[in-house]
>>> print(open('protein-v4.tsv').read())   # TSV, N, CA and C atoms
chain	number	residue	atom	x	y	z
A	1	MET	N	227.35	154.73	156.21
A	1	MET	CA	227.28	155.83	155.25
A	1	MET	C	226.53	156.99	155.90
A	2	ALA	N	227.00	158.20	155.65
A	2	ALA	CA	226.41	159.40	156.23
A	2	ALA	C	225.08	159.71	155.55
A	3	SER	N	224.21	160.44	156.27
A	3	SER	CA	222.92	160.83	155.69
A	3	SER	C	223.14	161.88	154.62
A	4	ARG	N	222.32	161.85	153.58
A	4	ARG	CA	222.43	162.79	152.47
A	4	ARG	C	221.56	164.01	152.75
A	5	VAL	N	222.14	165.03	153.38
A	5	VAL	CA	221.42	166.24	153.74
A	5	VAL	C	221.63	167.26	152.63
A	6	MET	N	220.52	167.91	152.20
A	6	MET	CA	220.59	168.96	151.18
A	6	MET	C	220.30	170.29	151.86
A	7	LEU	N	221.14	171.30	151.60
A	7	LEU	CA	220.98	172.62	152.19
A	7	LEU	C	221.01	173.67	151.09
A	8	LEU	N	220.34	174.80	151.33
A	8	LEU	CA	220.30	175.92	150.40
A	8	LEU	C	221.04	177.07	151.03
A	9	GLY	N	222.04	177.62	150.30
A	9	GLY	CA	222.84	178.69	150.88
A	9	GLY	C	223.38	179.63	149.81
A	10	GLN	N	224.07	180.67	150.27
A	10	GLN	CA	224.64	181.68	149.39
A	10	GLN	C	226.16	181.56	149.38
A	11	VAL	N	226.74	181.65	148.20
A	11	VAL	CA	228.19	181.55	148.04
A	11	VAL	C	228.83	182.83	148.58
A	12	LEU	N	229.79	182.67	149.49
A	12	LEU	CA	230.50	183.82	150.04
A	12	LEU	C	231.74	184.14	149.23
A	13	ASN	N	232.66	183.17	149.12
A	13	ASN	CA	233.91	183.39	148.40
A	13	ASN	C	234.59	182.05	148.15
A	14	ARG	N	235.74	182.12	147.49
A	14	ARG	CA	236.56	180.94	147.24
A	14	ARG	C	237.71	180.93	148.23
A	15	GLU	N	238.25	179.76	148.47
A	15	GLU	CA	239.45	179.65	149.27
A	15	GLU	C	240.62	180.19	148.46
A	16	ALA	N	241.52	180.90	149.10
A	16	ALA	CA	242.64	181.52	148.39
A	16	ALA	C	243.62	180.49	147.84
A	17	LEU	N	243.96	179.50	148.64
A	17	LEU	CA	244.95	178.51	148.21
A	17	LEU	C	244.35	177.32	147.48
A	18	LYS	N	243.04	177.09	147.65
A	18	LYS	CA	242.34	175.99	146.98
A	18	LYS	C	241.13	176.55	146.26
A	19	PRO	N	241.26	176.95	145.00
A	19	PRO	CA	240.15	177.62	144.31
A	19	PRO	C	238.94	176.74	144.03
A	20	SER	N	239.06	175.42	144.17
A	20	SER	CA	237.89	174.57	143.94
A	20	SER	C	237.03	174.43	145.20
A	21	ILE	N	237.48	174.99	146.33
A	21	ILE	CA	236.72	174.96	147.58
A	21	ILE	C	235.97	176.29	147.72
A	22	ILE	N	234.65	176.19	147.96
A	22	ILE	CA	233.77	177.35	148.05
A	22	ILE	C	233.22	177.46	149.46
A	23	ASN	N	233.16	178.69	149.99
A	23	ASN	CA	232.52	178.93	151.28
A	23	ASN	C	231.06	179.28	151.04
A	24	VAL	N	230.14	178.55	151.68
A	24	VAL	CA	228.70	178.74	151.51
A	24	VAL	C	228.08	179.04	152.87
A	25	ARG	N	227.24	180.08	152.93
A	25	ARG	CA	226.54	180.43	154.18
A	25	ARG	C	225.09	179.97	154.08
A	26	VAL	N	224.67	179.16	155.07
A	26	VAL	CA	223.31	178.65	155.16
A	26	VAL	C	222.64	179.31	156.35
A	27	VAL	N	221.44	179.84	156.14
A	27	VAL	CA	220.68	180.48	157.21
A	27	VAL	C	219.52	179.56	157.57
A	28	HIS	N	219.39	179.23	158.84
A	28	HIS	CA	218.26	178.43	159.31
A	28	HIS	C	217.59	179.13	160.49
A	29	GLN	N	216.35	178.81	160.72
A	29	GLN	CA	215.56	179.44	161.77
A	29	GLN	C	215.62	178.59	163.05
A	30	VAL	N	215.87	179.24	164.18
A	30	VAL	CA	215.93	178.56	165.48
A	30	VAL	C	214.86	179.16	166.38
A	31	PHE	N	214.06	178.30	166.99
A	31	PHE	CA	212.98	178.76	167.87
A	31	PHE	C	213.51	179.05	169.27
A	32	GLU	N	213.21	180.25	169.77
A	32	GLU	CA	213.58	180.65	171.13
A	32	GLU	C	212.33	180.58	172.00
A	33	LYS	N	212.35	179.68	172.99
A	33	LYS	CA	211.17	179.50	173.83
A	33	LYS	C	210.86	180.74	174.67
A	34	HIS	N	211.90	181.43	175.11
A	34	HIS	CA	211.71	182.59	175.97
A	34	HIS	C	210.91	183.69	175.27
A	35	TYR	N	211.23	183.94	173.99
A	35	TYR	CA	210.55	184.97	173.21
A	35	TYR	C	209.37	184.44	172.40
A	36	ASN	N	209.27	183.11	172.28
A	36	ASN	CA	208.23	182.46	171.49
A	36	ASN	C	208.30	182.93	170.03
A	37	MET	N	209.53	183.01	169.51
A	37	MET	CA	209.77	183.48	168.14
A	37	MET	C	210.90	182.68	167.50
A	38	PHE	N	210.95	182.74	166.17
A	38	PHE	CA	212.06	182.16	165.43
A	38	PHE	C	213.06	183.26	165.11
A	39	PHE	N	214.35	182.94	165.18
A	39	PHE	CA	215.42	183.87	164.87
A	39	PHE	C	216.38	183.22	163.87
A	40	PRO	N	216.90	184.01	162.92
A	40	PRO	CA	217.84	183.43	161.94
A	40	PRO	C	219.21	183.19	162.55
A	41	HIS	N	219.77	182.03	162.26
A	41	HIS	CA	221.13	181.68	162.67
A	41	HIS	C	221.89	181.26	161.42
A	42	GLU	N	223.11	181.74	161.30
A	42	GLU	CA	223.92	181.45	160.12
A	42	GLU	C	224.98	180.41	160.44
A	43	LYS	N	225.25	179.56	159.46
A	43	LYS	CA	226.32	178.59	159.60
A	43	LYS	C	227.04	178.51	158.26
A	44	ASP	N	228.37	178.53	158.30
A	44	ASP	CA	229.18	178.50	157.09
A	44	ASP	C	229.69	177.08	156.84
A	45	PHE	N	229.64	176.66	155.58
A	45	PHE	CA	230.13	175.35	155.16
A	45	PHE	C	231.16	175.54	154.08
A	46	LYS	N	232.08	174.61	153.99
A	46	LYS	CA	233.04	174.55	152.89
A	46	LYS	C	232.57	173.43	151.96
A	47	ALA	N	232.48	173.74	150.66
A	47	ALA	CA	231.96	172.77	149.70
A	47	ALA	C	232.89	172.72	148.49
A	48	VAL	N	232.89	171.56	147.81
A	48	VAL	CA	233.66	171.35	146.59
A	48	VAL	C	232.81	171.83	145.41
A	49	GLU	N	233.45	172.50	144.45
A	49	GLU	CA	232.71	173.08	143.33
A	49	GLU	C	232.16	172.04	142.36
A	50	ASN	N	232.90	170.99	142.06
A	50	ASN	CA	232.47	169.88	141.19
A	50	ASN	C	231.98	170.32	139.81
A	51	GLY	N	232.73	171.18	139.14
A	51	GLY	CA	232.40	171.54	137.76
A	51	GLY	C	231.34	172.61	137.60
A	52	HIS	N	230.66	173.01	138.66
A	52	HIS	CA	229.68	174.09	138.56
A	52	HIS	C	230.43	175.42	138.60
A	53	ASP	N	230.07	176.32	137.71
A	53	ASP	CA	230.71	177.64	137.66
A	53	ASP	C	229.92	178.57	138.56
A	54	VAL	N	230.43	178.87	139.74
A	54	VAL	CA	229.73	179.71	140.70
A	54	VAL	C	230.52	180.99	140.94
A	55	THR	N	229.80	182.05	141.27
A	55	THR	CA	230.40	183.33	141.63
A	55	THR	C	229.86	183.74	142.99
A	56	PRO	N	230.57	184.59	143.71
A	56	PRO	CA	230.05	185.04	145.01
A	56	PRO	C	228.70	185.72	144.86
A	57	GLY	N	227.75	185.29	145.68
A	57	GLY	CA	226.39	185.81	145.64
A	57	GLY	C	225.38	184.83	145.07
A	58	ASP	N	225.84	183.78	144.38
A	58	ASP	CA	224.92	182.79	143.83
A	58	ASP	C	224.23	182.03	144.96
A	59	ILE	N	222.98	181.63	144.71
A	59	ILE	CA	222.26	180.76	145.63
A	59	ILE	C	222.43	179.34	145.12
A	60	VAL	N	223.00	178.46	145.95
A	60	VAL	CA	223.31	177.09	145.54
A	60	VAL	C	222.71	176.08	146.50
A	61	LYS	N	222.56	174.86	145.99
A	61	LYS	CA	222.12	173.74	146.80
A	61	LYS	C	223.34	172.87	147.06
A	62	ILE	N	223.63	172.59	148.33
A	62	ILE	CA	224.78	171.75	148.66
A	62	ILE	C	224.28	170.47	149.30
A	63	SER	N	225.00	169.40	149.06
A	63	SER	CA	224.64	168.11	149.65
A	63	SER	C	225.87	167.51	150.31
A	64	GLN	N	225.62	166.67	151.28
A	64	GLN	CA	226.70	166.05	152.03
A	64	GLN	C	227.30	164.91	151.22
A	65	MET	N	228.62	164.85	151.19
A	65	MET	CA	229.33	163.81	150.45
A	65	MET	C	229.30	162.51	151.25
A	66	PRO	N	229.40	161.36	150.58
A	66	PRO	CA	229.41	160.08	151.30
A	66	PRO	C	230.55	159.98	152.32
A	67	GLU	N	231.70	160.55	151.97
A	67	GLU	CA	232.81	160.58	152.92
A	67	GLU	C	233.52	161.91	152.80
A	68	LYS	N	234.11	162.37	153.89
A	68	LYS	CA	234.76	163.67	153.92
A	68	LYS	C	235.95	163.72	152.97
A	69	LEU	N	236.10	164.88	152.31
A	69	LEU	CA	237.26	165.10	151.46
A	69	LEU	C	238.47	165.46	152.32
A	70	THR	N	238.28	166.40	153.25
A	70	THR	CA	239.28	166.76	154.24
A	70	THR	C	238.57	166.89	155.58
A	71	MET	N	239.27	167.39	156.59
A	71	MET	CA	238.65	167.57	157.90
A	71	MET	C	237.53	168.60	157.85
A	72	GLU	N	237.68	169.65	157.01
A	72	GLU	CA	236.69	170.72	156.96
A	72	GLU	C	235.67	170.54	155.84
A	73	VAL	N	236.07	169.91	154.74
A	73	VAL	CA	235.21	169.83	153.56
A	73	VAL	C	234.45	168.51	153.56
A	74	GLU	N	233.11	168.61	153.73
A	74	GLU	CA	232.29	167.40	153.69
A	74	GLU	C	231.03	167.60	152.86
A	75	HIS	N	230.94	168.73	152.11
A	75	HIS	CA	229.79	168.99	151.26
A	75	HIS	C	230.26	169.25	149.82
A	76	GLU	N	229.33	169.10	148.88
A	76	GLU	CA	229.59	169.40	147.48
A	76	GLU	C	228.42	170.20	146.93
A	77	ILE	N	228.71	171.04	145.94
A	77	ILE	CA	227.65	171.83	145.30
A	77	ILE	C	226.94	170.92	144.32
A	78	SER	N	225.63	170.74	144.51
A	78	SER	CA	224.88	169.86	143.63
A	78	SER	C	224.14	170.62	142.55
A	79	GLU	N	223.80	171.91	142.80
A	79	GLU	CA	223.04	172.66	141.80
A	79	GLU	C	223.15	174.15	142.09
A	80	VAL	N	223.22	174.95	141.03
A	80	VAL	CA	223.14	176.41	141.16
A	80	VAL	C	221.68	176.77	140.96
A	81	VAL	N	221.00	177.21	142.02
A	81	VAL	CA	219.57	177.48	141.96
A	81	VAL	C	219.30	178.84	141.32
A	82	TYR	N	219.92	179.90	141.84
A	82	TYR	CA	219.74	181.25	141.30
A	82	TYR	C	221.11	181.88	141.10
A	83	PRO	N	221.56	182.01	139.84
A	83	PRO	CA	222.82	182.73	139.60
A	83	PRO	C	222.62	184.22	139.87
A	84	ILE	N	223.63	184.87	140.38
A	84	ILE	CA	223.53	186.29	140.69
A	84	ILE	C	223.42	187.09	139.40
A	85	GLY	N	222.57	188.11	139.42
A	85	GLY	CA	222.40	188.98	138.27
A	85	GLY	C	221.36	188.51	137.28
A	86	ARG	N	220.88	187.31	137.40
A	86	ARG	CA	219.85	186.79	136.50
A	86	ARG	C	218.66	186.32	137.32
A	87	ILE	N	217.97	187.27	137.95
A	87	ILE	CA	216.88	186.93	138.86
A	87	ILE	C	215.62	186.67	138.05
A	88	VAL	N	214.97	185.54	138.31
A	88	VAL	CA	213.76	185.14	137.61
A	88	VAL	C	212.66	184.93	138.63
A	89	ASP	N	211.48	185.50	138.35
A	89	ASP	CA	210.34	185.30	139.22
A	89	ASP	C	209.91	183.84	139.13
A	90	PRO	N	209.83	183.11	140.26
A	90	PRO	CA	209.52	181.68	140.18
A	90	PRO	C	208.08	181.40	139.75
A	91	VAL	N	207.16	182.34	139.93
A	91	VAL	CA	205.76	182.12	139.57
A	91	VAL	C	205.54	182.33	138.08
A	92	THR	N	205.99	183.47	137.55
A	92	THR	CA	205.73	183.80	136.15
A	92	THR	C	206.84	183.34	135.22
A	93	GLY	N	208.06	183.16	135.73
A	93	GLY	CA	209.19	182.78	134.89
A	93	GLY	C	209.80	183.93	134.14
A	94	ARG	N	209.39	185.18	134.45
A	94	ARG	CA	209.94	186.36	133.78
A	94	ARG	C	211.07	186.94	134.61
A	95	ARG	N	212.05	187.55	133.90
A	95	ARG	CA	213.16	188.20	134.60
A	95	ARG	C	212.66	189.45	135.29
A	96	CYS	N	213.29	189.78	136.43
A	96	CYS	CA	212.86	190.97	137.17
A	96	CYS	C	214.07	191.67	137.76
A	97	ARG	N	213.86	192.96	138.03
A	97	ARG	CA	214.87	193.78	138.70
A	97	ARG	C	214.16	194.44	139.86
A	98	GLY	N	214.48	194.01	141.07
A	98	GLY	CA	213.76	194.52	142.24
A	98	GLY	C	212.34	193.97	142.23
A	99	ASN	N	211.35	194.88	142.28
A	99	ASN	CA	209.96	194.43	142.25
A	99	ASN	C	209.29	194.74	140.91
A	100	LYS	N	210.07	195.01	139.86
A	100	LYS	CA	209.54	195.29	138.53
A	100	LYS	C	210.05	194.26	137.53
A	101	TYR	N	209.18	193.90	136.59
A	101	TYR	CA	209.57	192.96	135.54
A	101	TYR	C	210.37	193.67	134.46
A	102	ILE	N	211.28	192.93	133.84
A	102	ILE	CA	212.08	193.45	132.73
A	102	ILE	C	211.41	193.02	131.44
A	103	ASP	N	211.10	193.99	130.57
A	103	ASP	CA	210.49	193.69	129.29
A	103	ASP	C	211.60	193.35	128.30
A	104	GLU	N	211.71	192.08	127.92
A	104	GLU	CA	212.79	191.60	127.07
A	104	GLU	C	212.72	192.22	125.67
A	105	GLY	N	211.51	192.40	125.12
A	105	GLY	CA	211.37	192.96	123.78
A	105	GLY	C	211.90	194.37	123.69
A	106	SER	N	211.57	195.22	124.67
A	106	SER	CA	212.05	196.61	124.65
A	106	SER	C	213.56	196.67	124.88
A	107	ARG	N	214.13	195.74	125.65
A	107	ARG	CA	215.58	195.71	125.85
A	107	ARG	C	216.30	195.41	124.54
A	108	GLU	N	215.79	194.47	123.75
A	108	GLU	CA	216.41	194.12	122.48
A	108	GLU	C	216.32	195.28	121.49
A	109	LEU	N	215.16	195.95	121.44
A	109	LEU	CA	215.01	197.10	120.55
A	109	LEU	C	215.96	198.23	120.93
A	110	GLU	N	216.11	198.48	122.22
A	110	GLU	CA	217.03	199.53	122.69
A	110	GLU	C	218.48	199.18	122.36
A	111	ALA	N	218.85	197.91	122.49
A	111	ALA	CA	220.22	197.48	122.16
A	111	ALA	C	220.49	197.66	120.67
A	112	LYS	N	219.52	197.34	119.82
A	112	LYS	CA	219.70	197.52	118.37
A	112	LYS	C	219.80	199.00	118.02
A	113	ARG	N	218.98	199.86	118.68
A	113	ARG	CA	219.00	201.29	118.41
A	113	ARG	C	220.35	201.89	118.80
A	114	VAL	N	220.89	201.51	119.93
A	114	VAL	CA	222.16	202.03	120.39
A	114	VAL	C	223.30	201.53	119.50
A	115	ALA	N	223.20	200.30	119.02
A	115	ALA	CA	224.25	199.75	118.16
A	115	ALA	C	224.32	200.48	116.82
A	116	LYS	N	223.18	200.99	116.32
A	116	LYS	CA	223.16	201.69	115.04
A	116	LYS	C	223.76	203.08	115.14
A	117	LEU	N	223.67	203.71	116.31
A	117	LEU	CA	224.21	205.05	116.48
A	117	LEU	C	225.73	205.03	116.45
A	118	LYS	N	226.29	206.15	116.06
A	118	LYS	CA	227.74	206.25	116.04
A	118	LYS	C	228.24	206.55	117.45
A	119	GLN	N	229.44	206.16	117.72
A	119	GLN	CA	229.99	206.33	119.06
A	119	GLN	C	230.13	207.81	119.42
A	120	ARG	N	230.43	208.66	118.44
A	120	ARG	CA	230.58	210.09	118.73
A	120	ARG	C	229.25	210.71	119.13
A	121	GLU	N	228.15	210.19	118.59
A	121	GLU	CA	226.84	210.72	118.94
A	121	GLU	C	226.43	210.29	120.34
A	122	ASN	N	226.90	209.13	120.75
A	122	ASN	CA	226.57	208.63	122.08
A	122	ASN	C	227.33	209.39	123.17
A	123	TYR	N	228.57	209.78	122.88
A	123	TYR	CA	229.41	210.45	123.88
A	123	TYR	C	229.92	211.77	123.32
A	124	PRO	N	229.09	212.82	123.32
A	124	PRO	CA	229.56	214.10	122.79
A	124	PRO	C	230.61	214.71	123.70
A	125	LEU	N	231.58	215.41	123.10
A	125	LEU	CA	232.63	216.06	123.88
A	125	LEU	C	232.30	217.50	124.12
>>> encode(input="protein-v4.tsv", output="structure tokens")
Amino acid sequence: MASRVMLLGQVLNREALKPSIINVRVVHQVFEKHYNMFFPHEKDFKAVENGHDVTPGDIVKISQMPEKLTMEVEHEISEVVYPIGRIVDPVTGRRCRGNKYIDEGSRELEAKRVAKLKQRENYPL
């Protein structure tokens, strides 16, 4: 039985002819003795979706399957860690946009205020 390796990567796209196959890019650090530094190296994997709804840009955890599905596909998506567009600070648990936190209370109040206005007032001609 193959070793169960877990990797963290970003979803690139879906296969055109096989929509359940996802291309995932994993970045790992490689030490260069000549420069005495680590450099990022990218490797692309093909993984089976297995019921997880993923979109390009999501950060996912992939694991190696006990046996290969095809010659190229030997990993499966085990978890969606960070869905794209819903970024959460891991320390505080609050949503953020860039380096600023999103205030959920003010967003809800603004949505209610805009919903009460008439469409003609929102878009004057």
>>> closest_residue(input="protein-v4.tsv", among="A:Thr92, A:Glu32, A:Ile22, A:Met37", to="A:His52", atoms="only C-alpha atoms")
A:Ile22
>>> closest_residue(input="protein-v4.tsv", among="A:Leu117, A:Met6, A:Val30, A:Ile87", to="A:Ser63", atoms="only N, CA and C atoms")
A:Met6
>>> select_by_dssp(input="protein-v4.tsv", residues="stretch 6-120 of chain A", states="strand (DSSP E or B)", output="PyMOL selection string")
chain A and resi 6-14+21-32+37-48+59-64+75-82+88+95-97+100-101
>>> select_by_dssp(input="protein-v4.tsv", residues="chain A", states="helix (DSSP H, G or I)", output="CSV table (one decimal) with N, CA and C atoms, in the coordinates of the input")
chain,number,residue,atom,x,y,z
A,104,GLU,N,211.7,192.1,127.9
A,104,GLU,CA,212.8,191.6,127.1
A,104,GLU,C,212.7,192.2,125.7
A,105,GLY,N,211.5,192.4,125.1
A,105,GLY,CA,211.4,193.0,123.8
A,105,GLY,C,211.9,194.4,123.7
A,106,SER,N,211.6,195.2,124.7
A,106,SER,CA,212.0,196.6,124.6
A,106,SER,C,213.6,196.7,124.9
A,107,ARG,N,214.1,195.7,125.6
A,107,ARG,CA,215.6,195.7,125.8
A,107,ARG,C,216.3,195.4,124.5
A,108,GLU,N,215.8,194.5,123.8
A,108,GLU,CA,216.4,194.1,122.5
A,108,GLU,C,216.3,195.3,121.5
A,109,LEU,N,215.2,196.0,121.4
A,109,LEU,CA,215.0,197.1,120.6
A,109,LEU,C,216.0,198.2,120.9
A,110,GLU,N,216.1,198.5,122.2
A,110,GLU,CA,217.0,199.5,122.7
A,110,GLU,C,218.5,199.2,122.4
A,111,ALA,N,218.8,197.9,122.5
A,111,ALA,CA,220.2,197.5,122.2
A,111,ALA,C,220.5,197.7,120.7
A,112,LYS,N,219.5,197.3,119.8
A,112,LYS,CA,219.7,197.5,118.4
A,112,LYS,C,219.8,199.0,118.0
A,113,ARG,N,219.0,199.9,118.7
A,113,ARG,CA,219.0,201.3,118.4
A,113,ARG,C,220.4,201.9,118.8
A,114,VAL,N,220.9,201.5,119.9
A,114,VAL,CA,222.2,202.0,120.4
A,114,VAL,C,223.3,201.5,119.5
A,115,ALA,N,223.2,200.3,119.0
A,115,ALA,CA,224.2,199.8,118.2
A,115,ALA,C,224.3,200.5,116.8
A,116,LYS,N,223.2,201.0,116.3
A,116,LYS,CA,223.2,201.7,115.0
A,116,LYS,C,223.8,203.1,115.1
A,119,GLN,N,229.4,206.2,117.7
A,119,GLN,CA,230.0,206.3,119.1
A,119,GLN,C,230.1,207.8,119.4
A,120,ARG,N,230.4,208.7,118.4
A,120,ARG,CA,230.6,210.1,118.7
A,120,ARG,C,229.2,210.7,119.1
A,121,GLU,N,228.2,210.2,118.6
A,121,GLU,CA,226.8,210.7,118.9
A,121,GLU,C,226.4,210.3,120.3
A,122,ASN,N,226.9,209.1,120.8
A,122,ASN,CA,226.6,208.6,122.1
A,122,ASN,C,227.3,209.4,123.2
>>> closest_residue(input="protein-v4.tsv", among="A:Ser20, A:Ser106, A:Asn99, A:Asn13", to="A:Asn50", atoms="all atoms listed in the file")
A:Ser20
>>> atom_distance(input="protein-v4.tsv", atom1="atom C of A:Val73", atom2="atom C of A:Phe39")
25.5 Å
>>> residues_around(input="protein-v4.tsv", residues="A:Pro83", least_positions_apart="5", cutoff="7 Å", atoms="only N, CA and C atoms", output="MDAnalysis selection string")
chainID A and resid 57:59
>>> atom_distance(input="protein-v4.tsv", atom1="atom CA of A:Val24", atom2="atom N of A:Pro40")
17.2 Å
>>> residues_around(input="protein-v4.tsv", residues="A:Phe45", least_positions_apart="3", cutoff="12 Å", atoms="only C-alpha atoms", output="PDB file with N, CA and C atoms, keeping the file's coordinate frame")
ATOM      1  N   LEU A   7     221.140 171.300 151.600  1.00  0.00           N
ATOM      2  CA  LEU A   7     220.980 172.620 152.190  1.00  0.00           C
ATOM      3  C   LEU A   7     221.010 173.670 151.090  1.00  0.00           C
ATOM      4  N   LEU A   8     220.340 174.800 151.330  1.00  0.00           N
ATOM      5  CA  LEU A   8     220.300 175.920 150.400  1.00  0.00           C
ATOM      6  C   LEU A   8     221.040 177.070 151.030  1.00  0.00           C
ATOM      7  N   GLY A   9     222.040 177.620 150.300  1.00  0.00           N
ATOM      8  CA  GLY A   9     222.840 178.690 150.880  1.00  0.00           C
ATOM      9  C   GLY A   9     223.380 179.630 149.810  1.00  0.00           C
ATOM     10  N   GLN A  10     224.070 180.670 150.270  1.00  0.00           N
ATOM     11  CA  GLN A  10     224.640 181.680 149.390  1.00  0.00           C
ATOM     12  C   GLN A  10     226.160 181.560 149.380  1.00  0.00           C
ATOM     13  N   VAL A  11     226.740 181.650 148.200  1.00  0.00           N
ATOM     14  CA  VAL A  11     228.190 181.550 148.040  1.00  0.00           C
ATOM     15  C   VAL A  11     228.830 182.830 148.580  1.00  0.00           C
ATOM     16  N   LEU A  12     229.790 182.670 149.490  1.00  0.00           N
ATOM     17  CA  LEU A  12     230.500 183.820 150.040  1.00  0.00           C
ATOM     18  C   LEU A  12     231.740 184.140 149.230  1.00  0.00           C
ATOM     19  N   ASN A  13     232.660 183.170 149.120  1.00  0.00           N
ATOM     20  CA  ASN A  13     233.910 183.390 148.400  1.00  0.00           C
ATOM     21  C   ASN A  13     234.590 182.050 148.150  1.00  0.00           C
ATOM     22  N   ARG A  14     235.740 182.120 147.490  1.00  0.00           N
ATOM     23  CA  ARG A  14     236.560 180.940 147.240  1.00  0.00           C
ATOM     24  C   ARG A  14     237.710 180.930 148.230  1.00  0.00           C
ATOM     25  N   GLU A  15     238.250 179.760 148.470  1.00  0.00           N
ATOM     26  CA  GLU A  15     239.450 179.650 149.270  1.00  0.00           C
ATOM     27  C   GLU A  15     240.620 180.190 148.460  1.00  0.00           C
ATOM     28  N   ILE A  21     237.480 174.990 146.330  1.00  0.00           N
ATOM     29  CA  ILE A  21     236.720 174.960 147.580  1.00  0.00           C
ATOM     30  C   ILE A  21     235.970 176.290 147.720  1.00  0.00           C
ATOM     31  N   ILE A  22     234.650 176.190 147.960  1.00  0.00           N
ATOM     32  CA  ILE A  22     233.770 177.350 148.050  1.00  0.00           C
ATOM     33  C   ILE A  22     233.220 177.460 149.460  1.00  0.00           C
ATOM     34  N   ASN A  23     233.160 178.690 149.990  1.00  0.00           N
ATOM     35  CA  ASN A  23     232.520 178.930 151.280  1.00  0.00           C
ATOM     36  C   ASN A  23     231.060 179.280 151.040  1.00  0.00           C
ATOM     37  N   VAL A  24     230.140 178.550 151.680  1.00  0.00           N
ATOM     38  CA  VAL A  24     228.700 178.740 151.510  1.00  0.00           C
ATOM     39  C   VAL A  24     228.080 179.040 152.870  1.00  0.00           C
ATOM     40  N   ARG A  25     227.240 180.080 152.930  1.00  0.00           N
ATOM     41  CA  ARG A  25     226.540 180.430 154.180  1.00  0.00           C
ATOM     42  C   ARG A  25     225.090 179.970 154.080  1.00  0.00           C
ATOM     43  N   VAL A  26     224.670 179.160 155.070  1.00  0.00           N
ATOM     44  CA  VAL A  26     223.310 178.650 155.160  1.00  0.00           C
ATOM     45  C   VAL A  26     222.640 179.310 156.350  1.00  0.00           C
ATOM     46  N   VAL A  27     221.440 179.840 156.140  1.00  0.00           N
ATOM     47  CA  VAL A  27     220.680 180.480 157.210  1.00  0.00           C
ATOM     48  C   VAL A  27     219.520 179.560 157.570  1.00  0.00           C
ATOM     49  N   GLU A  42     223.110 181.740 161.300  1.00  0.00           N
ATOM     50  CA  GLU A  42     223.920 181.450 160.120  1.00  0.00           C
ATOM     51  C   GLU A  42     224.980 180.410 160.440  1.00  0.00           C
ATOM     52  N   VAL A  48     232.890 171.560 147.810  1.00  0.00           N
ATOM     53  CA  VAL A  48     233.660 171.350 146.590  1.00  0.00           C
ATOM     54  C   VAL A  48     232.810 171.830 145.410  1.00  0.00           C
ATOM     55  N   VAL A  60     223.000 178.460 145.950  1.00  0.00           N
ATOM     56  CA  VAL A  60     223.310 177.090 145.540  1.00  0.00           C
ATOM     57  C   VAL A  60     222.710 176.080 146.500  1.00  0.00           C
ATOM     58  N   LYS A  61     222.560 174.860 145.990  1.00  0.00           N
ATOM     59  CA  LYS A  61     222.120 173.740 146.800  1.00  0.00           C
ATOM     60  C   LYS A  61     223.340 172.870 147.060  1.00  0.00           C
ATOM     61  N   ILE A  62     223.630 172.590 148.330  1.00  0.00           N
ATOM     62  CA  ILE A  62     224.780 171.750 148.660  1.00  0.00           C
ATOM     63  C   ILE A  62     224.280 170.470 149.300  1.00  0.00           C
ATOM     64  N   SER A  63     225.000 169.400 149.060  1.00  0.00           N
ATOM     65  CA  SER A  63     224.640 168.110 149.650  1.00  0.00           C
ATOM     66  C   SER A  63     225.870 167.510 150.310  1.00  0.00           C
ATOM     67  N   GLN A  64     225.620 166.670 151.280  1.00  0.00           N
ATOM     68  CA  GLN A  64     226.700 166.050 152.030  1.00  0.00           C
ATOM     69  C   GLN A  64     227.300 164.910 151.220  1.00  0.00           C
ATOM     70  N   MET A  71     239.270 167.390 156.590  1.00  0.00           N
ATOM     71  CA  MET A  71     238.650 167.570 157.900  1.00  0.00           C
ATOM     72  C   MET A  71     237.530 168.600 157.850  1.00  0.00           C
ATOM     73  N   GLU A  72     237.680 169.650 157.010  1.00  0.00           N
ATOM     74  CA  GLU A  72     236.690 170.720 156.960  1.00  0.00           C
ATOM     75  C   GLU A  72     235.670 170.540 155.840  1.00  0.00           C
ATOM     76  N   VAL A  73     236.070 169.910 154.740  1.00  0.00           N
ATOM     77  CA  VAL A  73     235.210 169.830 153.560  1.00  0.00           C
ATOM     78  C   VAL A  73     234.450 168.510 153.560  1.00  0.00           C
ATOM     79  N   GLU A  74     233.110 168.610 153.730  1.00  0.00           N
ATOM     80  CA  GLU A  74     232.290 167.400 153.690  1.00  0.00           C
ATOM     81  C   GLU A  74     231.030 167.600 152.860  1.00  0.00           C
ATOM     82  N   HIS A  75     230.940 168.730 152.110  1.00  0.00           N
ATOM     83  CA  HIS A  75     229.790 168.990 151.260  1.00  0.00           C
ATOM     84  C   HIS A  75     230.260 169.250 149.820  1.00  0.00           C
ATOM     85  N   GLU A  76     229.330 169.100 148.880  1.00  0.00           N
ATOM     86  CA  GLU A  76     229.590 169.400 147.480  1.00  0.00           C
ATOM     87  C   GLU A  76     228.420 170.200 146.930  1.00  0.00           C
ATOM     88  N   ILE A  77     228.710 171.040 145.940  1.00  0.00           N
ATOM     89  CA  ILE A  77     227.650 171.830 145.300  1.00  0.00           C
ATOM     90  C   ILE A  77     226.940 170.920 144.320  1.00  0.00           C
TER      91      ILE A  77
END
>>> atom_distance(input="protein-v4.tsv", atom1="atom CA of A:Asp89", atom2="atom N of A:Asp44")
27.1 Å
